[in-house]
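Worksheet for the structure shown next.
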Amino acid sequence: MNLQELRYLVALAEHRHFGRAAETCNVSQPTLSNQIRKLEDELGVTLLERTNKRVNLTPVGEQILQHAQSALAEAAQMKEVAQAARDPLVGPLKLGVIPTLAPYLMPMILQPLRQSYPGLMLELWEDQTHSLIDGLRHHRLDAALLATEPDAPEITDLRLFDEPLLAALPPHHRFATAKTVSEKSLADELLVLADGHCLATQALAACGSKHETQRNRLHGSMQASTLETLVNLVAAGYGTTLIPALALDSFAHRDVVFRPLAGNSSRTIRLVSRPGFPRPQALRALEKVIRRAVEPALSCR
């Protein structure tokens, strides 16, 4: 048994297809199939149920898969420890970022990060919070940028900065010329992102609104999964919403009015990771670049 055979098993479990799994592993389909057969012979059990169209894991295969994933994660950790001993600021850093932050923060930090730490290769994964936490747990990610406190005792977090929320209003809205807008005054017309986005929960909490109210308002006919779509709905007069301050420049050209909130509602951006991550110097480098980048951007809001 070797790690490569375990990688093939994990790839098959993900793709449920020999051809796609072989392509992912950069080997021929016969090679992958033969190695899986070899693994089954060595273990003395059948790991897969094979059909012409699909591959499924047997019950014992599911159990073996969990051990294979753990073994691969430990092997990767060994490599990271060795790399950290050589130079913690050289090599890949797998970073997850939530979708309501990635398009606005990453352009601000990618070039400065490369200039300050040219050996640090950022591998970016954009996904919702629960998926990023799962990626950290299973060592698919080294760190993540979230806007909520992780409800996971095995994850550590560092507060980076507080990002104000702004009211986004149609141009002829009754508050379009107001100096500030009360969050609660928007409760009955607030549009939010679809389930799973933490910004939706934060916007509803800020405005003292209930999620069901917004579902009724959209009549089940619209689901916004991006801020881009949400702002377009506001521009079309379907309601109002809240956006994070770093996104403001991206929407400045839209037919939408942005106003500060009277209650100064905000969200806290956090850098989260595993306590045992062997390259804390890389995380501190990322922290330093982020803080330096956002300080001037937020101070003028």
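Labels used: A, B, ... for chains in the order of the structure tokens, numbers from 1 for residues in each chain, and numbers from 1 for ligands as shown.
The list of residues with at least one atom within 9 Å of Thr180 of chain A, based on only C-alpha atoms and without residues fewer than 6 positions apart in the same chain, reads Ala167, Arg259, Pro260, Leu261, Ala262 and Gly263 of chain A.
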Surrounding residues of Gln128 of chain A excluding itself and chain neighbours under 2 positions, 12 Å, only C-alpha atoms, as an mmCIF file with C-alpha atoms, in the first residue's frame:
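Contents of selection.cif, as written:
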data_model
loop_
_atom_site.group_PDB
_atom_site.id
_atom_site.type_symbol
_atom_site.label_atom_id
_atom_site.label_comp_id
_atom_site.auth_asym_id
_atom_site.auth_seq_id
_atom_site.Cartn_x
_atom_site.Cartn_y
_atom_site.Cartn_z
ATOM 1 C CA GLY A 96 -10.374 30.208 1.449
ATOM 2 C CA VAL A 97 -12.389 33.422 1.174
ATOM 3 C CA ILE A 98 -16.135 34.027 1.395
ATOM 4 C CA PRO A 99 -17.785 35.288 -1.852
ATOM 5 C CA THR A 100 -18.849 38.654 -0.382
ATOM 6 C CA LEU A 101 -15.224 39.486 0.428
ATOM 7 C CA ALA A 102 -13.027 37.822 -2.198
ATOM 8 C CA TRP A 125 -10.671 29.035 -2.883
ATOM 9 C CA GLU A 126 -13.919 31.018 -2.857
ATOM 10 C CA HIS A 130 -19.470 26.159 6.157
ATOM 11 C CA SER A 131 -17.516 24.765 3.190
ATOM 12 C CA LEU A 132 -14.399 26.715 4.138
ATOM 13 C CA ILE A 133 -14.550 25.440 7.728
ATOM 14 C CA ASP A 134 -14.891 21.902 6.376
ATOM 15 C CA GLY A 135 -11.879 22.526 4.136
ATOM 16 C CA ALA A 144 -9.666 31.220 5.524
ATOM 17 C CA LEU A 145 -11.062 34.735 5.636
ATOM 18 C CA LEU A 146 -14.526 34.761 7.200
ATOM 19 C CA ALA A 147 -17.016 37.369 8.375
ATOM 20 C CA THR A 148 -18.364 35.302 11.274
ATOM 21 C CA LEU A 193 -28.557 37.041 -0.435
ATOM 22 C CA ALA A 194 -29.689 33.435 -0.601
ATOM 23 C CA ASP A 195 -29.356 31.017 2.310
ATOM 24 C CA GLY A 196 -25.793 30.147 3.257
ATOM 25 C CA HIS A 197 -24.340 33.641 2.890
ATOM 26 C CA CYS A 198 -23.411 35.109 6.262
ATOM 27 C CA LEU A 199 -23.959 38.643 4.927
ATOM 28 C CA ALA A 200 -27.684 37.869 4.631
ATOM 29 C CA SER A 225 -26.477 34.479 -4.819
ATOM 30 C CA THR A 226 -24.089 37.363 -5.544
#
message = To test your reading of the structure, identify every residue in segment 17-263 of chain A that backbone DSSP assigns to helix (DSSP H, G or I), and report it as a ChimeraX atom specification.
response = /A:18-25,29-43,59-86,102-116,129-137,183-189,198-206,211-218,227-235,245-251
key: For atom CA of Pro275 of chain A and atom CA of Pro153 of chain A, the interatomic separation in Å (one decimal)   = 10.1 Å
message = Give me, as a PyMOL selection string, all polymer residues having an atom no more than 9 Å from segment 30-38 of chain A, counting only C-alpha atoms and skipping those fewer than 5 positions away in the same chain.
response = chain A and resi 1+4-6+8-9+18-19+21-22+25+43+46-48
